[in-house]
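A short write-up of the structure that comes next.
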Amino acid sequence: MKLLWIAICFCILPLKGEAALSPLIENYLRGSQSIQSYDSINLPDFRKNFRENQKAVNQKAPRFNLQIKDENYLLADGKKVAVRSYVNFLKPNEPLLIFLHGGGFVFGDLETIDIFCREIAHFSKCTVLSIEYPLAPENPYPIAIDTIYQTLLAIFKDLPKRKIQSDRVFIGGSSAGATLAAAITLMARDRKGPPLKGQIL
């Protein structure tokens with residue numbers, strides 16, 4: 001909570017007795033694309049452009065000392081789920097963080113969260129596994145969380161191959177991904193597994 005208030009204080013600065021946005025935040029908002037609602041945009045084109053722009057940024061970002069690999073999990077219902085693993089060469093058997101990207105539940109994928117996952121794996125020395133879950137509106141609730149939960153079960157079965165202990169697995173996410181991670185944590189609790197160590201939202 002203390003960090004939250006510090007962040008708010010940096011964003012809102014007093015100016016002649018009135019609250020004002022910090023110049024940094026104001027410039028960011030001014031340069032951001034304004035979207036009134038998802039109904040007002042061509043969602044497939046928006047997803048494609050967002051992904052391609054981020055992919056171009058990713059190519060210029062450091063890969064750090066990581067082994068980065070695209071994989072797939074085949075679920076019991078026949079669905080194939082794409083994941084991207086980030087293994088730190090320095091400490092390959094450290095805890096596993098399963099990470100879910102943001103994007104308002106309607107956009108985002110492995111590319112749009114790639115740099116963030118690299119940084120987590122590099123600085124925390126954890127292995128990171130990023131999941132590309134089904135997006136709305138094509139996949140309405142509860143398809144995304146059901147798919148993520150089934151992927152979580154498959155990941156736990158795969159832990160011996162990754163040489164990671166089952167009591168060292170965390171789940172986390174950013175924005176919408178954090179909401180999904182919290183929901184999955186509750187599902188794991190209510191369904192008596194798999195045994196997540198904690199959540200990082």
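Each chain in the structure tokens gets a letter, A, B and so on, in the order shown; residues start at 1 in every chain, and ligands are counted from 1 in the order they appear.
The shell of residues at most 8 Å from range 166-174 of chain A, with only C-alpha atoms counted and near chain neighbours (fewer than 2 positions) removed, consists of Pro95, Leu96, Leu97, Ile98, Phe99, Leu100, His101, Gly102, Phe156, Leu159, Ile164, Ala176, Gly177, Ala178, Thr179, Leu180, Ala181, Ala182, Thr185, Pro195, Leu196, Lys197, Gly198, Gln199, Ile200 and Leu201 of chain A.
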#### Entry: All residues 9 Å or closer to range 52-56 of chain A, only C-alpha atoms, same chain fewer than 6 positions away omitted, as a count of residues only
4
### Task
Considering only C-alpha atoms, state which residue in the set A:Lys48, A:Arg189, A:Lys157, A:Arg84 is at the smallest distance from Glu71 in chain A.
A:Arg84
### Lys80 in chain A surroundings by only C-alpha atoms, 12 Å radius, close-in-sequence under 6 positions cut, as a PyMOL selection string
chain A and resi 71-74+131-134+147-148+150-151+154
Write the selection just made, keeping all heavy atoms, as a tab-separated table (two decimals), in the first residue's frame?
```tsv
chain	number	residue	atom	x	y	z
A	71	GLU	N	7.00	-23.10	-27.00
A	71	GLU	CA	6.54	-24.47	-26.81
A	71	GLU	C	5.03	-24.51	-26.97
A	71	GLU	O	4.37	-23.47	-27.09
A	71	GLU	CB	6.92	-24.97	-25.41
A	71	GLU	CG	8.39	-24.80	-25.04
A	71	GLU	CD	8.67	-25.17	-23.60
A	71	GLU	OE1	8.01	-26.10	-23.08
A	71	GLU	OE2	9.53	-24.53	-22.97
A	72	ASN	N	4.47	-25.72	-26.96
A	72	ASN	CA	3.02	-25.91	-27.00
A	72	ASN	C	2.63	-26.99	-26.00
A	72	ASN	O	3.37	-27.97	-25.82
A	72	ASN	CB	2.55	-26.33	-28.39
A	72	ASN	CG	2.59	-25.20	-29.39
A	72	ASN	OD1	1.79	-24.28	-29.33
A	72	ASN	ND2	3.54	-25.26	-30.32
A	73	TYR	N	1.48	-26.80	-25.36
A	73	TYR	CA	0.90	-27.83	-24.51
A	73	TYR	C	-0.39	-28.32	-25.16
A	73	TYR	O	-1.24	-27.50	-25.54
A	73	TYR	CB	0.60	-27.28	-23.12
A	73	TYR	CG	1.78	-27.33	-22.19
A	73	TYR	CD1	2.56	-26.21	-21.95
A	73	TYR	CD2	2.13	-28.52	-21.54
A	73	TYR	CE1	3.65	-26.25	-21.09
A	73	TYR	CE2	3.22	-28.57	-20.68
A	73	TYR	CZ	3.97	-27.44	-20.47
A	73	TYR	OH	5.06	-27.49	-19.63
A	74	LEU	N	-0.51	-29.62	-25.31
A	74	LEU	CA	-1.73	-30.22	-25.84
A	74	LEU	C	-2.60	-30.62	-24.65
A	74	LEU	O	-2.20	-31.47	-23.84
A	74	LEU	CB	-1.41	-31.43	-26.71
A	74	LEU	CG	-2.59	-32.09	-27.42
A	74	LEU	CD1	-3.24	-31.10	-28.39
A	74	LEU	CD2	-2.15	-33.36	-28.14
A	131	ILE	N	1.97	-17.74	-20.84
A	131	ILE	CA	0.89	-18.50	-21.49
A	131	ILE	C	0.10	-17.58	-22.42
A	131	ILE	O	-0.30	-16.47	-22.04
A	131	ILE	CB	-0.07	-19.09	-20.44
A	131	ILE	CG1	0.67	-20.09	-19.55
A	131	ILE	CG2	-1.26	-19.78	-21.12
A	131	ILE	CD1	-0.20	-20.69	-18.46
A	132	GLU	N	-0.17	-18.06	-23.64
A	132	GLU	CA	-1.02	-17.32	-24.58
A	132	GLU	C	-2.44	-17.90	-24.48
A	132	GLU	O	-2.76	-18.90	-25.10
A	132	GLU	CB	-0.47	-17.45	-25.99
A	132	GLU	CG	-1.17	-16.53	-27.00
A	132	GLU	CD	-0.39	-16.42	-28.29
A	132	GLU	OE1	0.70	-15.82	-28.27
A	132	GLU	OE2	-0.87	-16.94	-29.31
A	133	TYR	N	-3.27	-17.25	-23.70
A	133	TYR	CA	-4.62	-17.75	-23.43
A	133	TYR	C	-5.63	-17.23	-24.46
A	133	TYR	O	-5.37	-16.24	-25.15
A	133	TYR	CB	-5.06	-17.36	-22.01
A	133	TYR	CG	-4.97	-15.87	-21.71
A	133	TYR	CD1	-6.00	-15.00	-22.06
A	133	TYR	CD2	-3.86	-15.33	-21.06
A	133	TYR	CE1	-5.93	-13.64	-21.78
A	133	TYR	CE2	-3.78	-13.99	-20.77
A	133	TYR	CZ	-4.82	-13.14	-21.14
A	133	TYR	OH	-4.74	-11.79	-20.86
A	134	PRO	N	-6.80	-17.87	-24.60
A	134	PRO	CA	-7.81	-17.44	-25.57
A	134	PRO	C	-8.37	-16.06	-25.22
A	134	PRO	O	-8.60	-15.75	-24.05
A	134	PRO	CB	-8.90	-18.50	-25.45
A	134	PRO	CG	-8.26	-19.66	-24.79
A	134	PRO	CD	-7.20	-19.10	-23.90
A	147	THR	N	-9.10	-22.67	-19.81
A	147	THR	CA	-7.93	-23.06	-20.59
A	147	THR	C	-6.65	-22.88	-19.78
A	147	THR	O	-5.76	-23.75	-19.80
A	147	THR	CB	-7.85	-22.23	-21.88
A	147	THR	OG1	-9.04	-22.45	-22.66
A	147	THR	CG2	-6.64	-22.62	-22.72
A	148	ILE	N	-6.55	-21.76	-19.07
A	148	ILE	CA	-5.36	-21.51	-18.25
A	148	ILE	C	-5.24	-22.56	-17.15
A	148	ILE	O	-4.15	-23.08	-16.89
A	148	ILE	CB	-5.40	-20.09	-17.65
A	148	ILE	CG1	-5.33	-19.04	-18.76
A	148	ILE	CG2	-4.24	-19.89	-16.67
A	148	ILE	CD1	-5.69	-17.64	-18.30
A	150	GLN	N	-6.39	-25.66	-17.13
A	150	GLN	CA	-5.98	-26.93	-17.74
A	150	GLN	C	-4.50	-26.89	-18.13
A	150	GLN	O	-3.79	-27.90	-18.00
A	150	GLN	CB	-6.86	-27.24	-18.96
A	150	GLN	CG	-8.31	-27.53	-18.64
A	150	GLN	CD	-8.48	-28.69	-17.67
A	150	GLN	OE1	-7.80	-29.71	-17.79
A	150	GLN	NE2	-9.39	-28.54	-16.72
A	151	THR	N	-4.04	-25.73	-18.59
A	151	THR	CA	-2.62	-25.59	-18.93
A	151	THR	C	-1.77	-25.69	-17.66
A	151	THR	O	-0.68	-26.28	-17.67
A	151	THR	CB	-2.36	-24.24	-19.63
A	151	THR	OG1	-3.23	-24.13	-20.76
A	151	THR	CG2	-0.92	-24.13	-20.10
A	154	ALA	N	-1.26	-29.23	-16.82
A	154	ALA	CA	-0.28	-29.84	-17.72
A	154	ALA	C	1.14	-29.42	-17.36
A	154	ALA	O	2.08	-30.23	-17.42
A	154	ALA	CB	-0.60	-29.45	-19.17
```
### Task
Give the answer as one residue: which of A:Asp158, A:Pro142, A:Leu186, A:Asn88 has the shortest atom-to-atom distance to Glu119 in chain A, using only C-alpha atoms?
A:Asn88
### Task
Apply DSSP to the backbone of this structure and, from range 81-172 of chain A, keep only the residues in alpha helix (DSSP H); write these as a ChimeraX atom specification.
/A:114-124,143-157,159-162
Please produce an output containing N, CA and C atoms for each residue in the selection, written as an mmCIF file, in the first residue's frame.
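Result file is selection_1.cif:
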```
data_model
loop_
_atom_site.group_PDB
_atom_site.id
_atom_site.type_symbol
_atom_site.label_atom_id
_atom_site.label_comp_id
_atom_site.auth_asym_id
_atom_site.auth_seq_id
_atom_site.Cartn_x
_atom_site.Cartn_y
_atom_site.Cartn_z
ATOM 1 N N ASP A 114 6.777 -9.980 -23.932
ATOM 2 C CA ASP A 114 8.079 -10.651 -24.022
ATOM 3 C C ASP A 114 9.173 -9.954 -23.220
ATOM 4 N N ILE A 115 9.337 -8.656 -23.406
ATOM 5 C CA ILE A 115 10.418 -7.937 -22.726
ATOM 6 C C ILE A 115 10.254 -8.027 -21.210
ATOM 7 N N PHE A 116 9.027 -7.872 -20.740
ATOM 8 C CA PHE A 116 8.758 -7.920 -19.305
ATOM 9 C C PHE A 116 9.131 -9.280 -18.732
ATOM 10 N N CYS A 117 8.798 -10.350 -19.466
ATOM 11 C CA CYS A 117 9.130 -11.694 -19.001
ATOM 12 C C CYS A 117 10.643 -11.909 -18.985
ATOM 13 N N ARG A 118 11.346 -11.347 -19.969
ATOM 14 C CA ARG A 118 12.814 -11.443 -19.972
ATOM 15 C C ARG A 118 13.389 -10.775 -18.726
ATOM 16 N N GLU A 119 12.867 -9.601 -18.419
ATOM 17 C CA GLU A 119 13.382 -8.859 -17.265
ATOM 18 C C GLU A 119 13.112 -9.611 -15.960
ATOM 19 N N ILE A 120 11.924 -10.204 -15.844
ATOM 20 C CA ILE A 120 11.603 -10.964 -14.631
ATOM 21 C C ILE A 120 12.570 -12.138 -14.483
ATOM 22 N N ALA A 121 12.762 -12.885 -15.570
ATOM 23 C CA ALA A 121 13.649 -14.052 -15.515
ATOM 24 C C ALA A 121 15.086 -13.644 -15.220
ATOM 25 N N HIS A 122 15.508 -12.524 -15.790
ATOM 26 C CA HIS A 122 16.886 -12.066 -15.600
ATOM 27 C C HIS A 122 17.127 -11.570 -14.177
ATOM 28 N N PHE A 123 16.280 -10.691 -13.694
ATOM 29 C CA PHE A 123 16.538 -10.057 -12.401
ATOM 30 C C PHE A 123 16.124 -10.928 -11.214
ATOM 31 N N SER A 124 15.122 -11.773 -11.386
ATOM 32 C CA SER A 124 14.677 -12.614 -10.272
ATOM 33 C C SER A 124 15.385 -13.960 -10.239
ATOM 34 N N ILE A 143 -13.982 -19.380 -20.879
ATOM 35 C CA ILE A 143 -13.041 -20.138 -21.713
ATOM 36 C C ILE A 143 -11.595 -19.851 -21.343
ATOM 37 N N ALA A 144 -11.253 -18.578 -21.132
ATOM 38 C CA ALA A 144 -9.860 -18.224 -20.845
ATOM 39 C C ALA A 144 -9.375 -18.878 -19.550
ATOM 40 N N ILE A 145 -10.138 -18.720 -18.469
ATOM 41 C CA ILE A 145 -9.668 -19.256 -17.194
ATOM 42 C C ILE A 145 -9.690 -20.789 -17.186
ATOM 43 N N ASP A 146 -10.655 -21.395 -17.886
ATOM 44 C CA ASP A 146 -10.675 -22.852 -17.968
ATOM 45 C C ASP A 146 -9.446 -23.360 -18.723
ATOM 46 N N THR A 147 -9.099 -22.669 -19.805
ATOM 47 C CA THR A 147 -7.927 -23.063 -20.592
ATOM 48 C C THR A 147 -6.649 -22.883 -19.784
ATOM 49 N N ILE A 148 -6.551 -21.761 -19.071
ATOM 50 C CA ILE A 148 -5.357 -21.512 -18.253
ATOM 51 C C ILE A 148 -5.240 -22.561 -17.154
ATOM 52 N N TYR A 149 -6.356 -22.900 -16.523
ATOM 53 C CA TYR A 149 -6.313 -23.897 -15.448
ATOM 54 C C TYR A 149 -5.865 -25.260 -15.980
ATOM 55 N N GLN A 150 -6.392 -25.656 -17.134
ATOM 56 C CA GLN A 150 -5.983 -26.926 -17.736
ATOM 57 C C GLN A 150 -4.504 -26.892 -18.133
ATOM 58 N N THR A 151 -4.036 -25.730 -18.594
ATOM 59 C CA THR A 151 -2.618 -25.589 -18.927
ATOM 60 C C THR A 151 -1.769 -25.691 -17.661
ATOM 61 N N LEU A 152 -2.269 -25.117 -16.581
ATOM 62 C CA LEU A 152 -1.575 -25.192 -15.295
ATOM 63 C C LEU A 152 -1.396 -26.654 -14.864
ATOM 64 N N LEU A 153 -2.440 -27.458 -15.020
ATOM 65 C CA LEU A 153 -2.350 -28.882 -14.676
ATOM 66 C C LEU A 153 -1.290 -29.579 -15.528
ATOM 67 N N ALA A 154 -1.260 -29.235 -16.819
ATOM 68 C CA ALA A 154 -0.282 -29.839 -17.725
ATOM 69 C C ALA A 154 1.142 -29.419 -17.358
ATOM 70 N N ILE A 155 1.297 -28.173 -16.955
ATOM 71 C CA ILE A 155 2.621 -27.671 -16.558
ATOM 72 C C ILE A 155 3.116 -28.418 -15.324
ATOM 73 N N PHE A 156 2.233 -28.631 -14.357
ATOM 74 C CA PHE A 156 2.641 -29.349 -13.143
ATOM 75 C C PHE A 156 3.082 -30.778 -13.454
ATOM 76 N N LYS A 157 2.413 -31.418 -14.414
ATOM 77 C CA LYS A 157 2.830 -32.763 -14.808
ATOM 78 C C LYS A 157 4.218 -32.744 -15.449
ATOM 79 N N LEU A 159 6.708 -30.688 -14.625
ATOM 80 C CA LEU A 159 7.738 -30.122 -13.755
ATOM 81 C C LEU A 159 8.991 -30.999 -13.615
ATOM 82 N N PRO A 160 8.856 -32.329 -13.492
ATOM 83 C CA PRO A 160 10.078 -33.139 -13.369
ATOM 84 C C PRO A 160 11.034 -32.940 -14.555
ATOM 85 N N LYS A 161 10.483 -32.801 -15.752
ATOM 86 C CA LYS A 161 11.324 -32.582 -16.929
ATOM 87 C C LYS A 161 12.049 -31.247 -16.843
ATOM 88 N N ARG A 162 11.394 -30.263 -16.241
ATOM 89 C CA ARG A 162 12.005 -28.936 -16.070
ATOM 90 C C ARG A 162 12.900 -28.881 -14.826
#
```
### Message
For Asn93 in chain A, find every residue with an atom within 9 Å (counting only C-alpha atoms), except residues of its own chain fewer than 6 positions away, and show them as number ranges by chain.
### Response
A: 87, 126-127, 162-165
Export N, CA and C atoms of the chosen residues as a CSV table (one decimal), in the first residue's frame?
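Output file again22.csv is given in full below:
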```csv
chain,number,residue,atom,x,y,z
A,87,VAL,N,14.4,-19.4,-19.4
A,87,VAL,CA,15.2,-20.1,-18.4
A,87,VAL,C,16.5,-19.3,-18.2
A,126,CYS,N,14.3,-16.5,-11.7
A,126,CYS,CA,13.3,-17.5,-11.8
A,126,CYS,C,13.2,-17.9,-13.3
A,127,THR,N,12.7,-19.1,-13.5
A,127,THR,CA,12.2,-19.5,-14.8
A,127,THR,C,10.8,-18.9,-14.9
A,162,ARG,N,11.4,-30.3,-16.2
A,162,ARG,CA,12.0,-28.9,-16.1
A,162,ARG,C,12.9,-28.9,-14.8
A,163,LYS,N,12.9,-30.0,-14.1
A,163,LYS,CA,13.7,-30.0,-12.8
A,163,LYS,C,13.3,-28.9,-11.8
A,164,ILE,N,12.0,-28.7,-11.7
A,164,ILE,CA,11.5,-27.7,-10.8
A,164,ILE,C,10.6,-28.4,-9.8
A,165,GLN,N,10.8,-28.1,-8.5
A,165,GLN,CA,10.0,-28.7,-7.4
A,165,GLN,C,8.5,-28.1,-7.5
```
### Query
Please, which residues of range 11-181 of chain A, numbered as in this document, come out strand (DSSP E) from DSSP, as a ChimeraX atom specification?
/A:12-15,18-21,66-74,80-88,96-100,127-131,169-173
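Pairwise distance (CA of Pro194 in chain A, CA of Phe107 in chain A) equals 27.3 Å.
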